[in-house]
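Peer 1: For reference, the file coords-v7.txt (compact mmCIF, C-alpha atoms and all ligand atoms) is included below:
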```
# COMPACT_ATOMS: atom_id res chain seq x y z
CA MET L 6 28.20 48.33 -43.50
CA TYR L 7 25.94 50.33 -41.17
CA ASP L 8 27.52 49.25 -37.87
CA HIS L 9 28.93 52.70 -37.26
CA LEU L 10 25.44 54.23 -37.34
CA VAL L 11 24.49 52.75 -33.96
CA ASN L 12 26.78 53.60 -31.09
CA MET L 13 24.55 52.38 -28.28
CA THR L 14 23.40 48.85 -27.53
CA LYS L 15 19.72 48.03 -27.97
CA HIS L 16 19.35 47.96 -24.21
CA GLU L 17 20.92 51.42 -23.86
CA ILE L 18 18.64 52.85 -26.54
CA LEU L 19 15.53 51.48 -24.85
CA LEU L 20 16.66 52.68 -21.42
CA ALA L 21 17.39 56.15 -22.79
CA GLN L 22 14.01 56.23 -24.50
CA LYS L 23 12.32 55.39 -21.19
CA GLU L 24 14.33 57.99 -19.27
CA PHE L 25 14.37 60.89 -21.71
CA LEU L 26 11.23 60.69 -23.88
CA PHE L 27 7.63 61.41 -22.90
CA PRO L 28 5.99 58.10 -21.97
CA ALA L 29 3.20 59.06 -24.41
CA VAL L 30 5.65 58.07 -27.17
CA PHE L 31 4.30 54.54 -27.46
CA ASN L 32 5.89 51.77 -29.54
CA TYR L 33 4.49 48.69 -31.21
CA TYR L 34 5.22 45.21 -29.72
CA ARG L 35 5.88 43.82 -26.22
CA GLU L 36 9.55 44.70 -26.68
CA PRO L 37 9.98 47.77 -28.92
CA LEU L 38 11.67 47.13 -32.26
CA VAL L 39 14.83 49.21 -32.53
CA ILE L 40 15.51 50.05 -36.16
CA SER L 41 19.00 50.58 -37.42
CA HIS L 42 18.72 51.11 -41.19
CA ALA L 43 16.50 50.53 -44.20
CA LYS L 44 16.68 50.21 -47.96
CA ASN L 45 13.85 50.03 -50.50
CA GLN L 46 11.19 47.64 -49.10
CA TYR L 47 13.39 46.30 -46.29
CA VAL L 48 14.05 47.55 -42.75
CA CYS L 49 16.78 46.16 -40.44
CA ASP L 50 16.85 46.13 -36.65
CA VAL L 51 19.91 46.55 -34.46
CA ASP L 52 20.16 42.76 -34.02
CA GLY L 53 20.68 42.36 -37.76
CA ASN L 54 17.19 41.02 -38.60
CA GLN L 55 15.65 42.13 -41.89
CA TYR L 56 11.92 42.83 -42.25
CA LEU L 57 9.75 43.25 -45.33
CA ASP L 58 8.09 46.58 -44.65
CA PHE L 59 4.37 46.64 -45.47
CA PHE L 60 3.57 49.69 -43.35
CA GLY L 61 6.13 52.22 -44.59
CA GLY L 62 6.48 54.19 -41.34
CA ILE L 63 2.70 54.83 -41.23
CA VAL L 64 1.88 55.20 -44.94
CA THR L 65 4.85 57.48 -45.50
CA VAL L 66 7.59 55.60 -47.36
CA SER L 67 5.91 55.94 -50.73
CA VAL L 68 8.85 55.14 -53.04
CA GLY L 69 11.04 52.89 -50.89
CA HIS L 70 13.37 53.58 -47.98
CA CYS L 71 16.35 55.82 -48.77
CA ASN L 72 15.28 56.05 -52.41
CA GLU L 73 18.41 56.79 -54.41
CA SER L 74 16.84 59.17 -56.87
CA VAL L 75 15.16 61.22 -54.11
CA ASN L 76 18.27 61.21 -51.94
CA ARG L 77 20.50 62.32 -54.81
CA ALA L 78 18.33 65.43 -55.23
CA VAL L 79 18.26 65.98 -51.47
CA HIS L 80 22.04 65.69 -51.03
CA ALA L 81 22.62 68.22 -53.81
CA GLN L 82 20.10 70.64 -52.30
CA MET L 83 21.62 70.28 -48.81
CA ASP L 84 24.95 71.46 -50.14
CA LYS L 85 23.31 74.42 -51.87
CA LEU L 86 20.61 75.85 -49.56
CA GLU L 87 19.12 74.24 -46.47
CA HIS L 88 16.83 76.81 -44.93
CA VAL L 89 15.25 80.20 -45.51
CA SER L 90 11.70 80.14 -43.92
CA THR L 91 8.59 81.40 -45.67
CA VAL L 92 9.69 85.03 -45.46
CA PHE L 93 12.13 84.48 -48.37
CA ALA L 94 11.30 83.13 -51.81
CA ASN L 95 13.16 80.10 -53.11
CA GLU L 96 13.10 77.95 -56.22
CA PRO L 97 12.42 74.44 -54.74
CA GLN L 98 9.27 75.71 -52.99
CA VAL L 99 7.72 77.20 -56.13
CA GLU L 100 8.86 74.27 -58.30
CA LEU L 101 6.89 71.94 -56.04
CA ALA L 102 3.87 74.27 -55.82
CA LYS L 103 3.79 74.52 -59.64
CA LYS L 104 3.87 70.74 -59.96
CA LEU L 105 1.11 70.26 -57.38
CA ALA L 106 -1.08 72.75 -59.24
CA GLN L 107 -0.73 70.57 -62.36
CA ILE L 108 -1.71 67.29 -60.70
CA THR L 109 -4.62 68.32 -58.46
CA PRO L 110 -8.07 67.15 -59.60
CA ALA L 111 -9.17 69.07 -62.74
CA GLY L 112 -6.15 71.32 -62.20
CA ALA L 113 -8.47 73.44 -60.04
CA LEU L 114 -6.50 73.62 -56.81
CA THR L 115 -3.59 75.82 -57.68
CA LYS L 116 -2.36 77.51 -54.52
CA SER L 117 -0.25 75.79 -51.86
CA PHE L 118 0.81 76.60 -48.32
CA PHE L 119 3.63 74.44 -46.98
CA THR L 120 4.12 73.33 -43.39
CA ASN L 121 5.77 70.41 -41.58
CA SER L 122 2.99 67.95 -40.90
CA GLY L 123 -0.49 66.76 -41.69
CA THR L 124 -1.75 68.37 -38.50
CA GLU L 125 -0.59 71.81 -39.61
CA ALA L 126 -1.91 71.25 -43.12
CA ASN L 127 -5.37 70.59 -41.68
CA GLU L 128 -5.17 73.57 -39.28
CA THR L 129 -4.41 75.80 -42.28
CA ALA L 130 -7.29 74.28 -44.24
CA ILE L 131 -9.82 74.95 -41.45
CA LEU L 132 -8.57 78.53 -41.07
CA ALA L 133 -8.88 79.12 -44.83
CA ALA L 134 -12.38 77.60 -44.92
CA ARG L 135 -13.51 79.85 -42.07
CA CYS L 136 -12.05 82.95 -43.75
CA PHE L 137 -13.62 82.04 -47.10
CA THR L 138 -17.13 81.23 -45.86
CA GLY L 139 -17.36 83.60 -42.89
CA SER L 140 -18.76 80.65 -40.91
CA THR L 141 -17.00 78.79 -38.15
CA GLU L 142 -18.68 75.43 -37.68
CA VAL L 143 -16.93 72.39 -39.13
CA ILE L 144 -18.22 68.87 -39.69
CA ALA L 145 -15.92 65.86 -39.42
CA LEU L 146 -16.71 62.15 -39.50
CA ARG L 147 -16.76 59.60 -36.72
CA HIS L 148 -13.72 57.29 -36.75
CA SER L 149 -11.65 60.04 -38.41
CA TYR L 150 -8.11 61.11 -37.55
CA HIS L 151 -6.92 64.62 -38.38
CA GLY L 152 -3.87 65.24 -36.21
CA ARG L 153 -2.55 66.03 -32.77
CA SER L 154 -2.97 69.79 -32.20
CA ALA L 155 -5.78 70.84 -29.88
CA GLY L 156 -7.93 71.72 -32.90
CA MET L 157 -7.23 68.56 -34.85
CA MET L 158 -7.78 66.32 -31.82
CA GLY L 159 -11.13 68.09 -31.56
CA LEU L 160 -11.95 67.12 -35.15
CA THR L 161 -10.71 63.57 -34.73
CA GLY L 162 -13.48 61.03 -34.26
CA GLN L 163 -11.79 58.37 -32.07
CA SER L 164 -11.57 58.64 -28.28
CA THR L 165 -8.05 57.13 -28.16
CA TRP L 166 -6.61 60.14 -29.98
CA LYS L 167 -8.62 62.91 -28.31
CA LEU L 168 -6.50 64.20 -25.43
CA GLY L 169 -7.12 67.54 -23.76
CA PRO L 170 -10.28 69.65 -23.54
CA PRO L 171 -13.11 69.48 -26.12
CA GLN L 172 -13.06 72.08 -28.89
CA ALA L 173 -16.02 74.26 -29.78
CA GLY L 174 -17.47 74.43 -33.26
CA PHE L 175 -16.92 70.85 -34.39
CA VAL L 176 -19.59 68.19 -34.90
CA HIS L 177 -19.22 64.60 -36.10
CA ALA L 178 -21.43 62.95 -38.70
CA VAL L 179 -21.63 59.17 -39.07
CA ASN L 180 -19.11 57.60 -41.42
CA ALA L 181 -19.73 55.00 -44.11
CA TYR L 182 -18.49 51.98 -42.17
CA CYS L 183 -20.29 49.30 -44.17
CA TYR L 184 -18.79 46.40 -42.20
CA ARG L 185 -20.27 47.86 -39.01
CA CYS L 186 -23.07 50.03 -40.41
CA PRO L 187 -24.00 52.73 -37.87
CA PHE L 188 -27.66 52.12 -38.79
CA GLY L 189 -27.41 48.31 -38.87
CA LEU L 190 -28.28 48.30 -42.59
CA GLU L 191 -26.73 46.62 -45.63
CA TYR L 192 -25.37 48.27 -48.74
CA PRO L 193 -26.89 48.91 -51.31
CA SER L 194 -30.43 48.41 -49.93
CA CYS L 195 -29.51 50.99 -47.23
CA GLU L 196 -29.65 53.69 -49.93
CA VAL L 197 -26.56 55.14 -48.26
CA LYS L 198 -28.51 56.36 -45.23
CA CYS L 199 -25.24 57.32 -43.53
CA ALA L 200 -24.69 59.95 -46.22
CA GLN L 201 -28.32 61.14 -46.29
CA ASP L 202 -28.07 61.71 -42.51
CA MET L 203 -25.73 64.67 -43.12
CA GLU L 204 -28.72 66.99 -43.57
CA GLN L 205 -30.06 66.09 -40.12
CA VAL L 206 -26.59 66.58 -38.61
CA ILE L 207 -26.43 70.11 -39.99
CA ARG L 208 -30.00 71.01 -39.09
CA THR L 209 -29.89 69.61 -35.55
CA THR L 210 -26.31 70.09 -34.35
CA THR L 211 -25.14 73.29 -36.08
CA SER L 212 -26.51 76.80 -36.62
CA GLY L 213 -27.31 75.76 -40.20
CA ARG L 214 -24.35 77.72 -41.60
CA VAL L 215 -21.20 75.66 -41.86
CA ALA L 216 -17.67 76.47 -42.93
CA ALA L 217 -16.56 73.04 -44.05
CA LEU L 218 -16.73 69.31 -44.11
CA ILE L 219 -13.36 67.67 -43.58
CA ALA L 220 -13.08 63.98 -44.45
CA GLU L 221 -10.50 61.38 -45.38
CA PRO L 222 -11.43 59.60 -48.63
CA ILE L 223 -10.40 56.37 -46.88
CA GLN L 224 -10.19 56.69 -43.09
CA GLY L 225 -6.59 55.78 -42.26
CA VAL L 226 -6.11 55.47 -38.51
CA GLY L 227 -9.77 54.41 -38.37
CA GLY L 228 -8.78 51.21 -40.18
CA PHE L 229 -8.88 52.03 -43.92
CA ILE L 230 -12.65 52.39 -43.86
CA THR L 231 -13.62 52.73 -47.52
CA PRO L 232 -17.00 54.36 -48.33
CA PRO L 233 -19.29 53.20 -51.15
CA LYS L 234 -19.14 55.05 -54.44
CA GLU L 235 -22.18 57.31 -53.82
CA TYR L 236 -21.10 58.54 -50.39
CA PHE L 237 -19.00 61.63 -51.07
CA LYS L 238 -21.27 63.07 -53.78
CA ILE L 239 -24.24 62.94 -51.40
CA ILE L 240 -22.50 64.46 -48.37
CA THR L 241 -20.64 67.17 -50.26
CA ASP L 242 -23.82 68.25 -52.09
CA ILE L 243 -25.61 68.61 -48.74
CA VAL L 244 -22.74 70.47 -47.06
CA ARG L 245 -22.46 72.88 -50.00
CA ARG L 246 -26.19 73.66 -49.79
CA TYR L 247 -25.51 74.90 -46.25
CA GLY L 248 -22.60 77.08 -47.34
CA GLY L 249 -19.70 74.77 -46.48
CA ILE L 250 -16.72 73.81 -48.58
CA PHE L 251 -15.12 70.38 -48.80
CA ILE L 252 -11.66 69.64 -47.42
CA ALA L 253 -10.28 66.27 -48.49
CA ASP L 254 -7.75 65.17 -45.87
CA GLU L 255 -5.46 63.17 -48.14
CA VAL L 256 -2.63 62.79 -45.64
CA GLN L 257 -2.78 59.02 -46.15
CA THR L 258 -4.53 58.68 -49.53
CA ALA L 259 -2.66 61.09 -51.82
CA TRP L 260 0.28 60.73 -54.18
CA GLY L 261 -1.04 57.65 -55.99
CA ARG L 262 -1.52 55.50 -52.91
CA THR L 263 -5.02 54.43 -54.01
CA GLY L 264 -3.92 53.52 -57.56
CA THR L 265 -4.42 55.16 -61.01
CA LYS L 266 -5.15 58.62 -59.54
CA TRP L 267 -2.94 61.09 -57.73
CA PHE L 268 -5.58 61.70 -55.06
CA GLY L 269 -7.91 59.27 -53.33
CA ILE L 270 -10.97 61.51 -53.62
CA GLU L 271 -10.81 61.25 -57.43
CA HIS L 272 -12.20 57.72 -57.15
CA TRP L 273 -15.47 59.18 -55.83
CA GLY L 274 -15.84 61.75 -58.61
CA VAL L 275 -16.21 64.82 -56.42
CA GLN L 276 -14.19 68.00 -56.55
CA PRO L 277 -12.68 69.17 -53.24
CA ASP L 278 -12.09 72.87 -52.52
CA ILE L 279 -9.01 72.09 -50.45
CA ILE L 280 -6.73 69.06 -50.31
CA THR L 281 -4.34 68.49 -47.43
CA GLY L 282 -1.32 66.23 -47.75
CA ALA L 283 1.83 65.17 -45.88
CA LYS L 284 3.33 61.70 -45.14
CA GLY L 285 4.09 60.05 -48.51
CA LEU L 286 4.80 63.37 -50.22
CA GLY L 287 8.24 63.54 -48.62
CA ASN L 288 8.94 59.77 -48.45
CA GLY L 289 10.08 60.45 -44.89
CA PHE L 290 11.14 64.10 -45.12
CA PRO L 291 8.84 66.24 -42.95
CA ILE L 292 6.43 68.21 -45.12
CA GLY L 293 2.77 69.16 -45.03
CA VAL L 294 0.77 71.04 -47.64
CA THR L 295 -2.62 72.71 -47.93
CA ILE L 296 -3.63 73.06 -51.59
CA ALA L 297 -6.66 75.23 -52.29
CA ARG L 298 -8.78 76.78 -55.01
CA PRO L 299 -7.31 80.27 -55.57
CA GLU L 300 -10.43 82.05 -54.24
CA VAL L 301 -10.18 80.04 -51.01
CA ALA L 302 -6.46 80.67 -50.61
CA ASP L 303 -6.95 84.38 -51.34
CA ALA L 304 -9.59 84.63 -48.59
CA LEU L 305 -6.98 83.93 -45.92
CA LYS L 306 -6.28 87.60 -45.33
CA GLY L 307 -3.58 88.97 -43.09
CA VAL L 308 -0.18 87.38 -42.89
CA THR L 309 1.11 84.08 -41.63
CA ILE L 310 4.51 82.43 -41.46
CA SER L 311 5.90 78.94 -41.08
CA THR L 312 9.56 78.74 -40.04
CA PHE L 313 10.16 75.41 -41.73
CA GLY L 314 7.29 75.61 -44.23
CA GLY L 315 8.52 75.37 -47.83
CA ASN L 316 11.94 74.29 -46.60
CA PRO L 317 14.18 73.93 -49.70
CA VAL L 318 15.38 70.44 -48.73
CA ALA L 319 11.91 69.11 -47.89
CA THR L 320 10.34 70.60 -51.03
CA THR L 321 13.20 69.23 -53.15
CA ALA L 322 12.55 65.79 -51.67
CA ALA L 323 8.82 66.08 -52.37
CA LYS L 324 9.35 67.17 -55.99
CA ALA L 325 11.76 64.27 -56.48
CA VAL L 326 9.16 61.87 -55.03
CA ILE L 327 6.51 63.09 -57.48
CA ASP L 328 8.94 62.93 -60.39
CA TYR L 329 9.89 59.38 -59.40
CA ILE L 330 6.24 58.30 -59.18
CA GLU L 331 5.72 59.70 -62.70
CA GLU L 332 8.90 58.28 -64.22
CA GLN L 333 8.30 54.81 -62.78
CA ASN L 334 4.58 54.88 -63.59
CA LEU L 335 3.75 54.03 -60.01
CA LEU L 336 0.09 55.04 -60.30
CA ARG L 337 -0.27 51.97 -62.54
CA ASN L 338 2.02 49.75 -60.49
CA THR L 339 0.03 50.57 -57.36
CA GLU L 340 -3.20 49.57 -59.11
CA GLU L 341 -1.75 46.39 -60.59
CA VAL L 342 0.24 45.11 -57.61
CA GLY L 343 -2.54 46.32 -55.29
CA GLY L 344 -5.12 44.27 -57.21
CA TYR L 345 -2.86 41.26 -56.86
CA LEU L 346 -2.43 41.91 -53.13
CA LYS L 347 -6.20 42.19 -52.69
CA ASN L 348 -6.76 38.76 -54.29
CA ARG L 349 -4.07 37.19 -52.15
CA LEU L 350 -5.62 38.74 -49.00
CA LEU L 351 -9.03 37.38 -49.99
CA GLU L 352 -7.42 33.93 -50.23
CA LEU L 353 -6.18 34.41 -46.66
CA LYS L 354 -9.70 35.38 -45.64
CA ASP L 355 -11.00 32.09 -47.06
CA LYS L 356 -8.44 30.24 -44.98
CA HIS L 357 -8.46 32.14 -41.67
CA GLN L 358 -11.77 32.63 -39.84
CA ILE L 359 -10.34 35.53 -37.84
CA ILE L 360 -10.35 37.79 -40.91
CA GLY L 361 -13.80 39.37 -40.96
CA ASP L 362 -13.23 41.98 -43.65
CA VAL L 363 -10.68 42.85 -46.34
CA ARG L 364 -11.00 46.42 -47.62
CA GLY L 365 -9.11 49.23 -49.29
CA MET L 366 -7.75 50.04 -52.72
CA GLY L 367 -4.45 50.62 -54.48
CA LEU L 368 -1.75 49.67 -51.99
CA LEU L 369 -3.80 50.59 -48.95
CA PHE L 370 -5.45 47.50 -47.49
CA ALA L 371 -6.88 46.51 -44.14
CA LEU L 372 -7.77 43.22 -42.52
CA GLU L 373 -10.38 43.63 -39.80
CA LEU L 374 -10.02 40.79 -37.29
CA VAL L 375 -13.02 39.39 -35.43
CA GLU L 376 -13.58 36.69 -32.84
CA ASP L 377 -16.67 35.49 -34.65
CA ARG L 378 -17.82 36.32 -38.16
CA THR L 379 -21.48 36.47 -37.10
CA THR L 380 -21.20 38.65 -33.99
CA LYS L 381 -18.21 40.55 -35.45
CA ALA L 382 -16.80 40.94 -31.92
CA PRO L 383 -13.49 42.79 -32.42
CA ALA L 384 -10.49 40.47 -31.93
CA ALA L 385 -8.28 43.10 -30.27
CA THR L 386 -6.14 40.69 -28.23
CA ALA L 387 -5.59 38.38 -31.20
CA THR L 388 -4.58 41.43 -33.26
CA LEU L 389 -1.82 42.15 -30.75
CA ARG L 390 -0.74 38.49 -31.00
CA LEU L 391 -0.71 38.74 -34.79
CA MET L 392 1.48 41.86 -34.59
CA GLU L 393 4.01 39.85 -32.56
CA ALA L 394 3.75 36.86 -34.92
CA ALA L 395 4.24 39.13 -37.94
CA ARG L 396 7.39 40.49 -36.35
CA GLU L 397 8.64 36.94 -35.71
CA ASN L 398 8.00 36.18 -39.38
CA ARG L 399 9.95 39.32 -40.34
CA ILE L 400 7.20 41.47 -41.76
CA LEU L 401 6.09 44.91 -40.58
CA VAL L 402 2.39 45.78 -40.58
CA GLY L 403 0.36 48.52 -38.87
CA ARG L 404 -2.50 48.35 -36.40
CA GLY L 405 -5.53 50.62 -36.17
CA GLY L 406 -9.28 50.91 -35.95
CA LEU L 407 -11.41 52.21 -33.10
CA TYR L 408 -11.26 48.78 -31.43
CA GLY L 409 -7.57 48.14 -32.20
CA ASN L 410 -8.48 45.10 -34.31
CA VAL L 411 -7.43 46.20 -37.78
CA ILE L 412 -4.18 45.26 -39.50
CA ARG L 413 -3.13 48.01 -41.91
CA LEU L 414 -0.98 47.44 -44.99
CA SER L 415 0.66 50.25 -46.95
CA PRO L 416 3.92 49.09 -48.53
CA PRO L 417 6.05 51.33 -50.76
CA MET L 418 4.31 51.84 -54.13
CA ASN L 419 7.27 50.44 -56.07
CA ILE L 420 7.02 46.90 -54.74
CA SER L 421 6.43 43.96 -57.09
CA LYS L 422 4.13 40.93 -57.08
CA SER L 423 6.99 38.79 -55.77
CA ASP L 424 7.16 41.05 -52.69
CA VAL L 425 3.44 40.44 -52.24
CA ASP L 426 3.96 36.67 -52.47
CA GLU L 427 6.74 36.82 -49.88
CA PHE L 428 4.58 38.98 -47.62
CA VAL L 429 1.46 36.82 -47.91
CA GLN L 430 3.43 33.65 -47.17
CA ARG L 431 4.80 35.20 -43.98
CA LEU L 432 1.47 36.71 -42.93
CA ASP L 433 -0.18 33.33 -43.50
CA ALA L 434 2.37 31.78 -41.11
CA GLY L 435 1.71 34.56 -38.58
CA LEU L 436 -2.06 34.02 -38.80
CA ALA L 437 -1.60 30.27 -38.27
CA GLN L 438 0.55 30.96 -35.17
CA THR L 439 -2.07 33.40 -33.86
CA ALA L 440 -4.88 30.86 -34.31
CA SER L 441 -2.91 28.07 -32.65
CA VAL L 442 -2.69 29.93 -29.31
CA ALA L 443 -6.33 31.09 -29.36
C1 LIG Y 501 -5.60 61.44 -42.31
C2 LIG Y 501 -4.58 62.10 -41.43
N1 LIG Y 501 -4.63 63.43 -41.27
C3 LIG Y 501 -3.73 64.07 -40.51
C4 LIG Y 501 -2.72 63.39 -39.87
C5 LIG Y 501 -1.72 64.13 -39.03
O1 LIG Y 501 -0.50 64.12 -39.69
P1 LIG Y 501 0.86 64.39 -38.86
O2 LIG Y 501 1.09 63.20 -37.99
O3 LIG Y 501 1.88 64.55 -39.96
O4 LIG Y 501 0.66 65.64 -38.11
C6 LIG Y 501 -2.63 62.02 -40.02
C7 LIG Y 501 -1.56 61.25 -39.34
O5 LIG Y 501 -1.60 60.04 -39.22
C8 LIG Y 501 -3.58 61.34 -40.82
O6 LIG Y 501 -3.55 60.03 -41.00
```
Output the file's structure as structure tokens, nothing else.
Peer 2:
Amino acid sequence: MYDHLVNMTKHEILLAQKEFLFPAVFNYYREPLVISHAKNQYVCDVDGNQYLDFFGGIVTVSVGHCNESVNRAVHAQMDKLEHVSTVFANEPQVELAKKLAQITPAGALTKSFFTNSGTEANETAILAARCFTGSTEVIALRHSYHGRSAGMMGLTGQSTWKLGPPQAGFVHAVNAYCYRCPFGLEYPSCEVKCAQDMEQVIRTTTSGRVAALIAEPIQGVGGFITPPKEYFKIITDIVRRYGGIFIADEVQTAWGRTGTKWFGIEHWGVQPDIITGAKGLGNGFPIGVTIARPEVADALKGVTISTFGGNPVATTAAKAVIDYIEEQNLLRNTEEVGGYLKNRLLELKDKHQIIGDVRGMGLLFALELVEDRTTKAPAATATLRLMEAARENRILVGRGGLYGNVIRLSPPMNISKSDVDEFVQRLDAGLAQTASVA
């Protein structure tokens, strides 16, 4: 049915990629997987193999590939109005902004600025925080990922993703990585020392006046590092005492991904001043958004434009995604099916010594792989082998973590328990293959 969509052979596609794309465009696997088409939870390659997709194009396919309800709205909008830029008003943009204002925590973040990516959403957030507070210094966390502009690479807390020169005005506090505690302590007897340390960070590495703390509720690229329940209250209280506001980078954790709530940060019971989002909002359509308290948005004086920001097609897609999540009650499905997935992953942990940690929530789960459960030496090479074995068993998973030893799972939020069973059976086979060549 989709044969006509690929005119080149796999070999020609890979040769053309090598010749005409920047080599920095890296692909997973020894031989890159060339995708031809996808539907719902399945992705097909050009050789006709079908894969159960538990990564969703990096936490982006929130409601299934080529979702019919979203695409119906998109097709209609494409025939009506495709582009205007932010210098003209249009209905889809304000429809989406109105909806976002209704679903943000406590309904307190009511003003949106639309862009094309998570990187731009974070750039806008930092600019707004600086305008609002009159301060410039920003605190991020170690192991964080905030994007690929010069500024956002500066804020990112992983060497792999920091290209280019260092950026002034950013410092990095320790994160709450309980599996590898930065202080070598154990939760809860640690009394969340990683969070308490924020005061020392501000007093010893900044001027004492900060513009913002930016943090992911669950660190995505870092390997779905999930802080204990006290963490965000402690660090945001400290940062606010020194004049800073709190930016929740929800590029991976928003739109119900963590189950029961629209936004990940709601699980920690703190109120952000700005939320940034992208990825799953468009289900694959490029969109980024910075949603702020009105006073913070109003502080961004002067004028700014975004050529594609608020694009009528992208905002129509995003509104249709949110409507679909509501209509299908996916906040509940994510919690329920996610709970089931967690139990099945814990069963795999009992069976396979290589799994050192299972963490996450909703439908956002990580397996951290180790060579030895006592030393916790990262099993980076075995993780690469497991990626290959997963492919052979026709499942797609992601890889991440500072040491490249974390398997990341983020399937569409409308999967069922039978998808989980199918996935776990195949992952189990992949883990067995990985162990047999160790
Ligand atoms: C938490 C987080 N923030 C920001 C970004 C940057 O988003 P984009 O790739 O859309 O620029 C990412 C991308 O992975 C992310 O995970």
Peer 1: Could you list, as a PyMOL selection string, all residues that come within 8 Å of ligand LIG 501 (chain Y)? Count only C-alpha atoms and all ligand atoms.
Peer 2: chain L and resi 63+121-127+149-153+221+224-226+254-258+281-284+291-293
Peer 1: Between L:Pro193, L:Ala133, L:Leu57, L:Asn95, which residue has the minimum interatomic distance to Ile296 (chain L), considering only C-alpha atoms?
Peer 2: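 Checking each candidate against Ile296 (chain L), we get L:Ala133 as the closest.
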Peer 1: Around (8.0, 73.7, -43.1), as given in the file, which residues come within 7 Å? Count only C-alpha atoms and list them as a ChimeraX atom specification.
Peer 2: /L:119-121,292,311-316
Peer 1: Which one is closest to Pro233 (chain L): L:Gln276, L:Asn180, L:Gln205, L:Gln172? Count all atoms listed in the file.
Peer 2: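 Answer, going by the shortest atom-to-atom distance: L:Asn180.
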Peer 1: Mind listing whatever residues come within 12 Å of the point (1.3, 31.9, -47.2)? Use only C-alpha atoms, file coordinates, and give them as a ChimeraX atom specification.
Peer 2: /L:349-350,352-354,356-357,398,425-437
Peer 1: Using only C-alpha atoms, determine which residues lie at most 9 Å from Tyr34 (chain L), disregarding the query and same-chain residues fewer than 3 positions distant; provide the list as a list in words.
Peer 2: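 My reading of the contact set: Pro37, Leu38, Leu389, Met392, Glu393 and Arg396 of chain L.
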Peer 1: Emit the selected residues as a PDB file, keeping the file's coordinate frame, including C-alpha atoms.
Peer 2:
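Contents of the output file part.pdb:
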```pdb
ATOM      1  CA  PRO L  37       9.980  47.770 -28.920  1.00  0.00           C
ATOM      2  CA  LEU L  38      11.670  47.130 -32.260  1.00  0.00           C
ATOM      3  CA  LEU L 389      -1.820  42.150 -30.750  1.00  0.00           C
ATOM      4  CA  MET L 392       1.480  41.860 -34.590  1.00  0.00           C
ATOM      5  CA  GLU L 393       4.010  39.850 -32.560  1.00  0.00           C
ATOM      6  CA  ARG L 396       7.390  40.490 -36.350  1.00  0.00           C
TER       7      ARG L 396
END
```
Peer 1: Hey, which of L:Thr339, L:Asn54, L:Thr115, L:Gln438 ends up closest to Ser415 (chain L)? Count all atoms listed in the file.
Peer 2: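 Ranked by minimum distance to Ser415 (chain L), first place goes to L:Thr339.
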Peer 1: What gap, in Å, lies between CA of Phe137 (chain L) and CA of Gly159 (chain L)?
Peer 2: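 Computing the Euclidean distance for CA of Phe137 (chain L) and CA of Gly159 (chain L) yields 21.0 Å.
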